[in-house]
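J.: Have a look at this one.
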Amino acid sequence: MGEAILSELLTEVLIPVAAVVGIGFALLQWLIVSKVKLTPERPAHGANKNGYNDYLIEEEEGLNDHNVVIKCAEIQNAISEGATSFLFTEYQYVGVFMVAFAVLIFVFLGSVEGFSTKSHPCTYSKTKTCKPALANAIFSTVSFLLGAITSLVSGFLGMKIATYANARTTLEARKGVGKAFITAFRSGAVMGFLLAANGLLVLYIAINLLKIYYGDDWEGLFESITGYGLGGSSMALFGRVGGGIYTKAADVGADLVGKVERNIPEDDPRNPAVIADNVGDNVGDIAGMGSDLFGSYAESSCAALVVASISSFGINHDFTAMCFPLLVSSFGIIICLITTLFATDFFEIKAVKEIEPALKKQLIISTALMTIAIAIVSWVALPSKFTIYNFGEQKEVKNWELFFCVAVGLWAGLIIGFVTEYYTSNAYSPVQDVADSCRTGAATNVIFGLALGYKSVIIPIFAIAVSIYVSFSLAAMYGIAVAALGMLSTIATGLAIDAYGPISDNAGGIAEMAGMSHRIRERTDALDAAGNTTAAIGKGFAIGSAALVSLALFGAFVSRAGISTVNVLSPKVFIGLIVGAMLPYWFSAMTMKSVGSAALKMVEEVRRQFNTIPGLMEGTAKPDYATCVKISTDASIKEMIPPGALVMLTPLIAGTFFGVETLSGVLAGALVSGVQIAISASNTGGAWDNAKKYIEAGASEHARTLGPKGSEPHKAAVIGDTIGDPLKDTSGPSLNILIKLMAVESLVFAPFFAAHGGLLFKIFK
């Protein structure tokens, strides 16, 4: 079998050091962003405003800089307060759920052997004895709480950073598009690195603490660690659904009344829903996305560790090889750090057209460097030959084969990212065709947009299919788990690019509300348009990795539940399959209707204010922003519970009453249909949004024939964008959590389902 080159001691040092470096780098970026002051300063002699020698547009146009800075600070404060109060309200509800579900995990897993404290024969190696089931129940519950808290903290920190950076990006836009870009990107990097490093560090510490109790029983140790992934994803579900409903209710309300009925610009301070809309960007796109990708990362690590613990790594207690997934993530943090320097320090952006290529270069550079890093990790951390558990038998694998598994996932992620970009960026023909269809009204726009979304599924699905086939052929289910990890290995860069979008969007909103010049608004719009496309790329990554993660978890569940084959022709499996395929539709229906009913209340409130507050349209009276913020908060808290309950209860009901075979069908069905709907929903919404922006920007001859703002084609584009909002920001992104969460929950509860599941079939035998 051979030994790994990397010693155990070095592994134990390398992983935490990489995580600490990531956290340090994030704090450094934050320090640099914080140098942009939000208080008006008197310029020192010879220097200029904010202590920079840069030339500000305001001076040239004779605007009062002092008032602009104060106004920006006020707006930023309102957005930050709104986002913080929403998250605190959400976390109170989620906290109750967290405690209740933790009790459920303990009761279900503890009852597997009647809360016995005796050791029992191991599941996979019957000759060895493992720690009692009660220990598994206790530590799975602790891991669940740990994952849940880390997920909430990740989302909250992201939101805090984004609301800290938005006004600073606006102020930097006065000095040029390059300065604004770097501020927004650095702030995104703070979130990316904090999340990647925290996720890795907490998981690593948890493994080492559990090792003290479990000793040589690695099977039990890594089985209880799966609770960490479950905690991360269950919080992400509520963050994504709650945040998504909040942001889209406000967005739809603001757009329909403001743009279409009243013909005022986006983010106009006269619009009562404008603060709620900007708060929504932070709680949905930032806090939700942060929790979501943390969940994916935690689950792919857990899936790989569970399979490895029953392979030769676990049987021979080879700690370095066992930590291969964590080493890949550690190297990922360092590679992303180098990649970030390319955007912030090595190259300077001087023109608007350089923004999108700079963000795309980030993806390409990180993927290319990561491929080299994976080759090194595979060579030093793995023995030259080892065996991987493959449904009841051990399959011999070589270390270079595992390198291919991770690399295939990494490059599949890049392909999915670029295909998503092709279908959602207004630089390419698909979105331009959608914009062109607005000539004949909203109906043709909707038809073209839906067709684009369905078509955009084709290449990503082939990319996922190829990576599944290659990685499974080389290293069975472990191959698929590390392929998912490969896709997520550049998570720090992916999240930095993703968080950059909402920060730029907020910066544009603040510029409009503070009454800054149209040239600054043009710059922030350019940042925002690039951010829209990169957000779509981020969603593509999240969905692709979710498909691989849930398949790996599915494999681990099937092994743990003792199913030798999942036979589709068996009626027990087939009924599960067909019900599982229906679940994403049921879930999407719930989330779409929630956005619709919340938007309805918002539209009525905005109309009421425009009709009853004298002087609002003239700009002499201030709107009541707080009522709109309250409508969004109340609606999202109330509406996030039913979809969340659907996802969390389905595996429990299916496993307990119908047994592991039916549950395996449910998981397979949900995975297969969920991925398709998630990709098409996200891309349809993204395309409609950018078709609207294409008409508004009027950058090409073709776009100018469709505009300007307020023209009939523009109104049709706004309607398309409004329909797409819940698709791309609520239903689409939440679906990838649905498929992962059901799989990881099934894996955590597998011992219970295997021992006591299928009650109905037992009764009616």
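Lettering and numbering for the structure tokens are positional, with chains as A, B, ... in the shown order, residues counted from 1 in each chain, and ligands counted from 1 in the shown order.
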Would you list, as an NGL selection string, the residues of stretch 378-441 of chain A that end up in alpha helix (DSSP H) under DSSP run on this structure's backbone?
T.: :A and (378-381 or 399-424 or 429-436)
J.: Output N, CA, C and O atoms for every residue in the selection just made, as a short mmCIF file (atom, residue, chain, number, x, y, z; two decimals), in the first residue's frame.
T.:
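Wrote it out as again-v7.cif, contents follow:
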data_model
loop_
_atom_site.label_atom_id
_atom_site.label_comp_id
_atom_site.auth_asym_id
_atom_site.auth_seq_id
_atom_site.Cartn_x
_atom_site.Cartn_y
_atom_site.Cartn_z
N SER A 378 -2.22 15.37 -4.00
CA SER A 378 -2.45 13.94 -4.28
C SER A 378 -1.15 13.16 -4.18
O SER A 378 -1.14 12.00 -3.79
N TRP A 379 -0.04 13.80 -4.56
CA TRP A 379 1.25 13.12 -4.56
C TRP A 379 1.81 12.98 -3.15
O TRP A 379 2.30 11.93 -2.76
N VAL A 380 1.68 14.06 -2.32
CA VAL A 380 2.32 14.01 -1.00
C VAL A 380 1.41 13.44 0.10
O VAL A 380 1.91 12.89 1.08
N ALA A 381 0.09 13.56 -0.06
CA ALA A 381 -0.79 13.18 1.05
C ALA A 381 -1.35 11.77 0.93
O ALA A 381 -1.92 11.25 1.87
N ASN A 399 -3.02 6.92 -6.48
CA ASN A 399 -3.18 8.34 -6.09
C ASN A 399 -3.42 9.27 -7.28
O ASN A 399 -4.15 10.25 -7.17
N TRP A 400 -2.86 8.95 -8.46
CA TRP A 400 -3.09 9.84 -9.61
C TRP A 400 -4.55 9.78 -10.08
O TRP A 400 -5.07 10.74 -10.65
N GLU A 401 -5.23 8.67 -9.77
CA GLU A 401 -6.65 8.57 -10.16
C GLU A 401 -7.50 9.53 -9.33
O GLU A 401 -8.45 10.14 -9.83
N LEU A 402 -7.10 9.67 -8.06
CA LEU A 402 -7.83 10.60 -7.20
C LEU A 402 -7.59 12.05 -7.64
O LEU A 402 -8.48 12.90 -7.54
N PHE A 403 -6.38 12.32 -8.12
CA PHE A 403 -6.09 13.66 -8.67
C PHE A 403 -7.07 13.98 -9.80
O PHE A 403 -7.63 15.08 -9.86
N PHE A 404 -7.31 13.01 -10.68
CA PHE A 404 -8.23 13.23 -11.80
C PHE A 404 -9.66 13.49 -11.32
O PHE A 404 -10.38 14.30 -11.89
N CYS A 405 -10.05 12.77 -10.26
CA CYS A 405 -11.40 12.98 -9.71
C CYS A 405 -11.60 14.43 -9.26
O CYS A 405 -12.60 15.07 -9.60
N VAL A 406 -10.63 14.95 -8.48
CA VAL A 406 -10.75 16.32 -7.97
C VAL A 406 -10.68 17.31 -9.14
O VAL A 406 -11.47 18.26 -9.22
N ALA A 407 -9.73 17.08 -10.05
CA ALA A 407 -9.54 18.00 -11.17
C ALA A 407 -10.77 18.05 -12.07
O ALA A 407 -11.16 19.10 -12.58
N VAL A 408 -11.40 16.89 -12.26
CA VAL A 408 -12.57 16.84 -13.14
C VAL A 408 -13.71 17.68 -12.54
O VAL A 408 -14.41 18.42 -13.25
N GLY A 409 -13.87 17.62 -11.22
CA GLY A 409 -14.88 18.45 -10.55
C GLY A 409 -14.56 19.92 -10.67
O GLY A 409 -15.44 20.75 -10.97
N LEU A 410 -13.28 20.25 -10.49
CA LEU A 410 -12.83 21.64 -10.56
C LEU A 410 -13.12 22.26 -11.93
O LEU A 410 -13.68 23.35 -12.04
N TRP A 411 -12.74 21.53 -12.99
CA TRP A 411 -12.93 22.06 -14.35
C TRP A 411 -14.39 22.02 -14.78
O TRP A 411 -14.85 22.88 -15.54
N ALA A 412 -15.14 21.03 -14.28
CA ALA A 412 -16.58 21.00 -14.58
C ALA A 412 -17.24 22.26 -14.01
O ALA A 412 -18.11 22.87 -14.65
N GLY A 413 -16.78 22.67 -12.82
CA GLY A 413 -17.30 23.89 -12.19
C GLY A 413 -17.05 25.11 -13.07
O GLY A 413 -17.93 25.95 -13.26
N LEU A 414 -15.84 25.18 -13.63
CA LEU A 414 -15.49 26.31 -14.50
C LEU A 414 -16.36 26.32 -15.76
O LEU A 414 -16.86 27.36 -16.19
N ILE A 415 -16.57 25.12 -16.34
CA ILE A 415 -17.41 25.02 -17.55
C ILE A 415 -18.83 25.48 -17.23
O ILE A 415 -19.42 26.29 -17.95
N ILE A 416 -19.39 24.98 -16.10
CA ILE A 416 -20.74 25.39 -15.71
C ILE A 416 -20.80 26.91 -15.52
O ILE A 416 -21.73 27.58 -15.96
N GLY A 417 -19.76 27.46 -14.89
CA GLY A 417 -19.69 28.91 -14.67
C GLY A 417 -19.74 29.69 -15.97
O GLY A 417 -20.50 30.64 -16.11
N PHE A 418 -18.93 29.24 -16.96
CA PHE A 418 -18.88 29.99 -18.22
C PHE A 418 -20.12 29.81 -19.08
O PHE A 418 -20.53 30.71 -19.80
N VAL A 419 -20.72 28.62 -19.02
CA VAL A 419 -21.98 28.41 -19.77
C VAL A 419 -23.06 29.32 -19.17
O VAL A 419 -23.82 29.97 -19.88
N THR A 420 -23.09 29.37 -17.85
CA THR A 420 -24.05 30.25 -17.16
C THR A 420 -23.83 31.69 -17.60
O THR A 420 -24.79 32.43 -17.87
N GLU A 421 -22.55 32.07 -17.67
CA GLU A 421 -22.24 33.45 -18.07
C GLU A 421 -22.72 33.71 -19.50
O GLU A 421 -23.29 34.76 -19.79
N TYR A 422 -22.51 32.76 -20.39
CA TYR A 422 -22.91 32.93 -21.79
C TYR A 422 -24.42 33.17 -21.89
O TYR A 422 -24.89 33.99 -22.67
N TYR A 423 -25.17 32.45 -21.06
CA TYR A 423 -26.64 32.56 -21.15
C TYR A 423 -27.21 33.73 -20.36
O TYR A 423 -28.38 34.07 -20.51
N THR A 424 -26.41 34.34 -19.47
CA THR A 424 -26.99 35.42 -18.64
C THR A 424 -26.33 36.78 -18.84
O THR A 424 -26.83 37.77 -18.33
N SER A 429 -25.32 36.80 -27.48
CA SER A 429 -26.58 36.83 -28.24
C SER A 429 -27.81 36.31 -27.47
O SER A 429 -28.90 36.84 -27.68
N PRO A 430 -27.72 35.27 -26.59
CA PRO A 430 -28.96 34.82 -25.95
C PRO A 430 -29.73 35.93 -25.23
O PRO A 430 -30.94 36.09 -25.43
N VAL A 431 -29.03 36.73 -24.42
CA VAL A 431 -29.71 37.80 -23.68
C VAL A 431 -30.15 38.92 -24.64
O VAL A 431 -31.23 39.50 -24.49
N GLN A 432 -29.33 39.19 -25.66
CA GLN A 432 -29.70 40.23 -26.63
C GLN A 432 -30.96 39.83 -27.39
O GLN A 432 -31.80 40.68 -27.70
N ASP A 433 -31.10 38.53 -27.67
CA ASP A 433 -32.34 38.05 -28.33
C ASP A 433 -33.55 38.26 -27.43
O ASP A 433 -34.63 38.63 -27.89
N VAL A 434 -33.35 37.98 -26.11
CA VAL A 434 -34.45 38.19 -25.16
C VAL A 434 -34.82 39.68 -25.13
O VAL A 434 -36.01 40.04 -25.15
N ALA A 435 -33.80 40.55 -25.12
CA ALA A 435 -34.07 42.00 -25.10
C ALA A 435 -34.82 42.41 -26.37
O ALA A 435 -35.77 43.20 -26.31
N ASP A 436 -34.41 41.84 -27.49
CA ASP A 436 -35.03 42.18 -28.77
C ASP A 436 -36.51 41.77 -28.79
O ASP A 436 -37.34 42.45 -29.39
#
J.: Can you list, as a PDB file with all heavy atoms, in the first residue's frame, every protein, DNA or RNA residue that comes within 8 Å of A:Ser632 when you count only C-alpha atoms, leaving out same-chain residues fewer than 3 positions away?
T.:
ATOM      1  N   ILE A 245     -37.197  35.504  -0.042  1.00  0.00           N
ATOM      2  CA  ILE A 245     -38.559  36.063  -0.025  1.00  0.00           C
ATOM      3  C   ILE A 245     -38.489  37.555   0.328  1.00  0.00           C
ATOM      4  O   ILE A 245     -39.147  38.393  -0.296  1.00  0.00           O
ATOM      5  CB  ILE A 245     -39.462  35.298   0.974  1.00  0.00           C
ATOM      6  CG1 ILE A 245     -39.684  33.855   0.492  1.00  0.00           C
ATOM      7  CG2 ILE A 245     -40.801  36.002   1.159  1.00  0.00           C
ATOM      8  CD1 ILE A 245     -40.307  32.934   1.519  1.00  0.00           C
ATOM      9  N   TYR A 246     -37.648  37.886   1.304  1.00  0.00           N
ATOM     10  CA  TYR A 246     -37.504  39.288   1.732  1.00  0.00           C
ATOM     11  C   TYR A 246     -37.088  40.167   0.553  1.00  0.00           C
ATOM     12  O   TYR A 246     -37.730  41.165   0.224  1.00  0.00           O
ATOM     13  CB  TYR A 246     -36.433  39.374   2.833  1.00  0.00           C
ATOM     14  CG  TYR A 246     -36.284  40.740   3.446  1.00  0.00           C
ATOM     15  CD1 TYR A 246     -36.752  40.997   4.726  1.00  0.00           C
ATOM     16  CD2 TYR A 246     -35.691  41.787   2.751  1.00  0.00           C
ATOM     17  CE1 TYR A 246     -36.626  42.244   5.305  1.00  0.00           C
ATOM     18  CE2 TYR A 246     -35.576  43.051   3.306  1.00  0.00           C
ATOM     19  CZ  TYR A 246     -36.036  43.273   4.583  1.00  0.00           C
ATOM     20  OH  TYR A 246     -35.913  44.521   5.145  1.00  0.00           O
ATOM     21  N   THR A 247     -35.972  39.779  -0.074  1.00  0.00           N
ATOM     22  CA  THR A 247     -35.390  40.643  -1.115  1.00  0.00           C
ATOM     23  C   THR A 247     -36.310  40.778  -2.314  1.00  0.00           C
ATOM     24  O   THR A 247     -36.448  41.835  -2.907  1.00  0.00           O
ATOM     25  CB  THR A 247     -33.972  40.149  -1.509  1.00  0.00           C
ATOM     26  OG1 THR A 247     -33.484  40.952  -2.573  1.00  0.00           O
ATOM     27  CG2 THR A 247     -33.945  38.718  -1.976  1.00  0.00           C
ATOM     28  N   ALA A 249     -39.692  40.330  -2.481  1.00  0.00           N
ATOM     29  CA  ALA A 249     -40.936  41.055  -2.204  1.00  0.00           C
ATOM     30  C   ALA A 249     -40.683  42.552  -2.351  1.00  0.00           C
ATOM     31  O   ALA A 249     -41.459  43.271  -2.994  1.00  0.00           O
ATOM     32  CB  ALA A 249     -41.419  40.732  -0.801  1.00  0.00           C
ATOM     33  N   ALA A 250     -39.555  43.008  -1.789  1.00  0.00           N
ATOM     34  CA  ALA A 250     -39.222  44.434  -1.851  1.00  0.00           C
ATOM     35  C   ALA A 250     -38.905  44.855  -3.286  1.00  0.00           C
ATOM     36  O   ALA A 250     -39.350  45.896  -3.761  1.00  0.00           O
ATOM     37  CB  ALA A 250     -38.024  44.703  -0.947  1.00  0.00           C
ATOM     38  N   ALA A 276     -35.900  48.810   1.753  1.00  0.00           N
ATOM     39  CA  ALA A 276     -36.170  47.369   1.898  1.00  0.00           C
ATOM     40  C   ALA A 276     -35.496  46.585   0.763  1.00  0.00           C
ATOM     41  O   ALA A 276     -34.950  45.500   0.985  1.00  0.00           O
ATOM     42  CB  ALA A 276     -37.676  47.114   1.888  1.00  0.00           C
ATOM     43  N   ALA A 598     -46.206  38.213  -0.698  1.00  0.00           N
ATOM     44  CA  ALA A 598     -45.482  39.285   0.009  1.00  0.00           C
ATOM     45  C   ALA A 598     -45.370  40.519  -0.893  1.00  0.00           C
ATOM     46  O   ALA A 598     -45.523  41.658  -0.433  1.00  0.00           O
ATOM     47  CB  ALA A 598     -44.095  38.798   0.419  1.00  0.00           C
ATOM     48  N   MET A 602     -46.604  44.523  -0.578  1.00  0.00           N
ATOM     49  CA  MET A 602     -45.634  45.602  -0.797  1.00  0.00           C
ATOM     50  C   MET A 602     -46.151  46.591  -1.846  1.00  0.00           C
ATOM     51  O   MET A 602     -46.083  47.806  -1.658  1.00  0.00           O
ATOM     52  CB  MET A 602     -44.299  45.003  -1.243  1.00  0.00           C
ATOM     53  CG  MET A 602     -43.184  46.008  -1.321  1.00  0.00           C
ATOM     54  SD  MET A 602     -42.763  46.688   0.281  1.00  0.00           S
ATOM     55  CE  MET A 602     -41.781  45.369   0.964  1.00  0.00           C
ATOM     56  N   CYS A 628     -42.366  49.519   4.881  1.00  0.00           N
ATOM     57  CA  CYS A 628     -42.008  48.563   3.819  1.00  0.00           C
ATOM     58  C   CYS A 628     -41.015  47.517   4.333  1.00  0.00           C
ATOM     59  O   CYS A 628     -41.117  46.338   3.989  1.00  0.00           O
ATOM     60  CB  CYS A 628     -41.416  49.300   2.613  1.00  0.00           C
ATOM     61  SG  CYS A 628     -42.653  50.271   1.746  1.00  0.00           S
ATOM     62  N   VAL A 629     -40.061  47.959   5.151  1.00  0.00           N
ATOM     63  CA  VAL A 629     -39.088  47.019   5.731  1.00  0.00           C
ATOM     64  C   VAL A 629     -39.821  46.001   6.606  1.00  0.00           C
ATOM     65  O   VAL A 629     -39.549  44.795   6.552  1.00  0.00           O
ATOM     66  CB  VAL A 629     -38.010  47.779   6.554  1.00  0.00           C
ATOM     67  CG1 VAL A 629     -37.148  46.820   7.357  1.00  0.00           C
ATOM     68  CG2 VAL A 629     -37.132  48.614   5.629  1.00  0.00           C
ATOM     69  N   ALA A 635     -43.340  39.056   6.287  1.00  0.00           N
ATOM     70  CA  ALA A 635     -43.733  38.076   5.256  1.00  0.00           C
ATOM     71  C   ALA A 635     -42.699  36.967   5.146  1.00  0.00           C
ATOM     72  O   ALA A 635     -43.048  35.782   5.096  1.00  0.00           O
ATOM     73  CB  ALA A 635     -43.895  38.779   3.917  1.00  0.00           C
ATOM     74  N   SER A 636     -41.417  37.350   5.138  1.00  0.00           N
ATOM     75  CA  SER A 636     -40.387  36.321   4.918  1.00  0.00           C
ATOM     76  C   SER A 636     -40.271  35.370   6.097  1.00  0.00           C
ATOM     77  O   SER A 636     -40.078  34.166   5.915  1.00  0.00           O
ATOM     78  CB  SER A 636     -39.036  36.964   4.610  1.00  0.00           C
ATOM     79  OG  SER A 636     -38.703  37.871   5.612  1.00  0.00           O
TER      80      SER A 636
END
J.: Counting only C-alpha atoms, what is within 12 Å of A:Leu369, bar same-chain residues fewer than 5 positions away, as a short mmCIF file (atom, residue, chain, number, x, y, z; two decimals) with all heavy atoms, in the first residue's frame?
T.:
data_model
loop_
_atom_site.label_atom_id
_atom_site.label_comp_id
_atom_site.auth_asym_id
_atom_site.auth_seq_id
_atom_site.Cartn_x
_atom_site.Cartn_y
_atom_site.Cartn_z
N PHE A 331 -5.14 24.01 0.69
CA PHE A 331 -4.40 24.52 -0.46
C PHE A 331 -5.27 25.50 -1.24
O PHE A 331 -4.77 26.47 -1.80
CB PHE A 331 -3.94 23.37 -1.37
CG PHE A 331 -2.60 22.79 -0.96
CD1 PHE A 331 -2.47 22.03 0.19
CD2 PHE A 331 -1.47 23.02 -1.73
CE1 PHE A 331 -1.25 21.50 0.58
CE2 PHE A 331 -0.24 22.49 -1.35
CZ PHE A 331 -0.12 21.73 -0.19
N GLY A 332 -6.58 25.21 -1.27
CA GLY A 332 -7.51 26.09 -1.98
C GLY A 332 -7.48 27.51 -1.43
O GLY A 332 -7.49 28.49 -2.18
N ILE A 333 -7.40 27.63 -0.10
CA ILE A 333 -7.37 28.96 0.53
C ILE A 333 -6.11 29.73 0.08
O ILE A 333 -6.18 30.90 -0.29
CB ILE A 333 -7.42 28.84 2.07
CG1 ILE A 333 -8.81 28.36 2.51
CG2 ILE A 333 -7.08 30.17 2.75
CD1 ILE A 333 -8.94 28.01 3.98
N ILE A 334 -4.97 29.02 0.08
CA ILE A 334 -3.71 29.68 -0.31
C ILE A 334 -3.74 30.09 -1.79
O ILE A 334 -3.32 31.18 -2.15
CB ILE A 334 -2.49 28.74 -0.03
CG1 ILE A 334 -2.50 28.26 1.44
CG2 ILE A 334 -1.18 29.42 -0.39
CD1 ILE A 334 -2.45 29.35 2.48
N ILE A 335 -4.26 29.20 -2.64
CA ILE A 335 -4.34 29.50 -4.08
C ILE A 335 -5.27 30.69 -4.32
O ILE A 335 -4.95 31.59 -5.11
CB ILE A 335 -4.87 28.26 -4.87
CG1 ILE A 335 -3.86 27.10 -4.80
CG2 ILE A 335 -5.21 28.62 -6.31
CD1 ILE A 335 -2.52 27.35 -5.44
N CYS A 336 -6.40 30.74 -3.62
CA CYS A 336 -7.34 31.85 -3.78
C CYS A 336 -6.72 33.17 -3.31
O CYS A 336 -6.99 34.23 -3.87
CB CYS A 336 -8.63 31.59 -3.00
SG CYS A 336 -9.62 30.29 -3.74
N LEU A 337 -5.86 33.07 -2.29
CA LEU A 337 -5.18 34.26 -1.77
C LEU A 337 -4.29 34.85 -2.87
O LEU A 337 -4.32 36.06 -3.15
CB LEU A 337 -4.35 33.85 -0.56
CG LEU A 337 -3.79 34.94 0.35
CD1 LEU A 337 -3.61 34.38 1.75
CD2 LEU A 337 -2.46 35.45 -0.14
N ILE A 338 -3.53 33.97 -3.53
CA ILE A 338 -2.65 34.43 -4.62
C ILE A 338 -3.51 35.01 -5.76
O ILE A 338 -3.19 36.07 -6.32
CB ILE A 338 -1.78 33.26 -5.14
CG1 ILE A 338 -0.85 32.75 -4.03
CG2 ILE A 338 -0.97 33.66 -6.37
CD1 ILE A 338 -0.26 31.37 -4.27
N THR A 339 -4.61 34.32 -6.08
CA THR A 339 -5.48 34.77 -7.17
C THR A 339 -6.07 36.15 -6.89
O THR A 339 -6.15 36.99 -7.78
CB THR A 339 -6.65 33.77 -7.36
OG1 THR A 339 -6.11 32.46 -7.45
CG2 THR A 339 -7.44 34.06 -8.61
N LYS A 361 -11.13 36.42 -15.12
CA LYS A 361 -9.73 35.98 -14.96
C LYS A 361 -9.53 35.34 -13.59
O LYS A 361 -8.76 34.41 -13.43
CB LYS A 361 -8.78 37.18 -15.11
CG LYS A 361 -8.34 37.42 -16.55
CD LYS A 361 -7.32 38.55 -16.59
CE LYS A 361 -7.31 39.21 -17.95
NZ LYS A 361 -7.05 40.65 -17.87
N GLN A 362 -10.23 35.89 -12.58
CA GLN A 362 -10.15 35.32 -11.23
C GLN A 362 -10.49 33.83 -11.25
O GLN A 362 -9.80 33.01 -10.65
CB GLN A 362 -11.12 36.05 -10.30
CG GLN A 362 -10.67 37.43 -9.90
CD GLN A 362 -9.56 37.37 -8.88
OE1 GLN A 362 -9.68 36.83 -7.80
NE2 GLN A 362 -8.42 37.90 -9.24
N LEU A 363 -11.57 33.49 -11.95
CA LEU A 363 -12.00 32.09 -12.01
C LEU A 363 -10.97 31.24 -12.74
O LEU A 363 -10.64 30.13 -12.32
CB LEU A 363 -13.35 31.98 -12.74
CG LEU A 363 -14.57 32.49 -11.98
CD1 LEU A 363 -15.80 32.45 -12.87
CD2 LEU A 363 -14.82 31.64 -10.74
N ILE A 364 -10.47 31.76 -13.87
CA ILE A 364 -9.53 30.96 -14.69
C ILE A 364 -8.21 30.77 -13.95
O ILE A 364 -7.69 29.65 -13.88
CB ILE A 364 -9.31 31.64 -16.07
CG1 ILE A 364 -10.63 31.66 -16.85
CG2 ILE A 364 -8.24 30.91 -16.87
CD1 ILE A 364 -10.64 32.57 -18.05
N ILE A 374 -3.65 20.57 -6.58
CA ILE A 374 -4.27 19.26 -6.34
C ILE A 374 -3.29 18.14 -6.68
O ILE A 374 -3.21 17.13 -5.97
CB ILE A 374 -5.57 19.09 -7.17
CG1 ILE A 374 -6.63 20.08 -6.69
CG2 ILE A 374 -6.12 17.68 -7.07
CD1 ILE A 374 -7.77 20.26 -7.68
N ALA A 375 -2.52 18.34 -7.77
CA ALA A 375 -1.53 17.33 -8.17
C ALA A 375 -0.51 17.14 -7.04
O ALA A 375 -0.15 16.01 -6.69
CB ALA A 375 -0.84 17.77 -9.46
N ILE A 376 -0.09 18.25 -6.44
CA ILE A 376 0.91 18.18 -5.35
C ILE A 376 0.30 17.47 -4.13
O ILE A 376 0.91 16.56 -3.56
CB ILE A 376 1.40 19.60 -4.97
CG1 ILE A 376 2.15 20.23 -6.15
CG2 ILE A 376 2.30 19.56 -3.73
CD1 ILE A 376 2.40 21.71 -6.02
N ALA A 407 -9.73 17.08 -10.05
CA ALA A 407 -9.54 18.00 -11.17
C ALA A 407 -10.77 18.05 -12.07
O ALA A 407 -11.16 19.10 -12.58
CB ALA A 407 -8.30 17.61 -11.97
N LEU A 410 -13.28 20.25 -10.49
CA LEU A 410 -12.83 21.64 -10.56
C LEU A 410 -13.12 22.26 -11.93
O LEU A 410 -13.68 23.35 -12.04
CB LEU A 410 -11.32 21.67 -10.26
CG LEU A 410 -10.60 23.00 -10.28
CD1 LEU A 410 -11.09 23.87 -9.13
CD2 LEU A 410 -9.09 22.79 -10.14
N TRP A 411 -12.74 21.53 -12.99
CA TRP A 411 -12.93 22.06 -14.35
C TRP A 411 -14.39 22.02 -14.78
O TRP A 411 -14.85 22.88 -15.54
CB TRP A 411 -12.02 21.33 -15.35
CG TRP A 411 -10.60 21.79 -15.18
CD1 TRP A 411 -9.65 21.25 -14.37
CD2 TRP A 411 -10.00 22.96 -15.76
NE1 TRP A 411 -8.49 21.99 -14.41
CE2 TRP A 411 -8.68 23.05 -15.26
CE3 TRP A 411 -10.46 23.94 -16.64
CZ2 TRP A 411 -7.80 24.06 -15.63
CZ3 TRP A 411 -9.58 24.97 -17.01
CH2 TRP A 411 -8.27 25.02 -16.51
N SER A 489 -13.23 23.87 -4.18
CA SER A 489 -11.91 24.16 -3.60
C SER A 489 -11.53 25.63 -3.76
O SER A 489 -10.77 26.17 -2.99
CB SER A 489 -10.84 23.26 -4.23
OG SER A 489 -10.82 23.47 -5.63
N THR A 490 -12.09 26.29 -4.78
CA THR A 490 -11.79 27.71 -4.96
C THR A 490 -12.95 28.56 -4.42
O THR A 490 -13.27 29.62 -4.95
CB THR A 490 -11.55 28.03 -6.45
OG1 THR A 490 -12.67 27.52 -7.20
CG2 THR A 490 -10.29 27.39 -6.96
#
J.: For A:Pro623, which residue out of A:Glu172, A:Glu512, A:Glu356, A:Asp268 is the nearest one, using only C-alpha atoms?
T.: A:Asp268
J.: List the neighbours of A:Ser7 out to 10 Å using only C-alpha atoms; skip same-chain residues closer than 5 positions along the sequence, and give me the result as a VMD selection string.
T.: chain A and resid 12 318 to 321 380 to 381
J.: Provide the atom CA of A:Leu495 to atom CA of A:Ser746 distance in Å, to one decimal place.
T.: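 Interatomic distance here is 27.9 Å.
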J.: Which residue gives the smallest distance to A:Glu266 among A:Gly449, A:Gly619, A:Pro642, A:Gly509, with only C-alpha atoms counted?
T.: A:Gly509
J.: Would you kindly return, as a PyMOL selection string, each protein, DNA or RNA residue with an atom no farther than 12 Å from any atom of A:Lys715, considering only C-alpha atoms and excluding same-chain residues fewer than 4 positions away?
T.: chain A and resi 255-263+435+438-443+445+691-693+695-696+706-711+719-722
J.: For stretch 221-223 of chain A, find every residue with an atom within 8 Å (counting only C-alpha atoms), except residues of its own chain fewer than 3 positions away, and show them as a list in words.
T.: Asn136, Ser140, Ile207, Leu210, Lys211, Tyr214, Asp217, Trp218, Thr226, Cys302, Leu305, Val306, Ser309 and Val748 of chain A
J.: Which of stretch 36-283 of chain A counts as strand (DSSP E or B) under DSSP, as a ChimeraX atom specification please?
T.: /A:120-121,129-130
J.: Output C-alpha atoms of each residue in that selection to a file, as an mmCIF file, in the first residue's frame.
T.:
data_model
loop_
_atom_site.group_PDB
_atom_site.id
_atom_site.type_symbol
_atom_site.label_atom_id
_atom_site.label_comp_id
_atom_site.auth_asym_id
_atom_site.auth_seq_id
_atom_site.Cartn_x
_atom_site.Cartn_y
_atom_site.Cartn_z
ATOM 1 C CA HIS A 120 -21.420 -2.942 19.629
ATOM 2 C CA PRO A 121 -19.915 -4.645 16.549
ATOM 3 C CA THR A 129 -16.209 -3.310 18.311
ATOM 4 C CA CYS A 130 -17.335 0.294 17.988
#
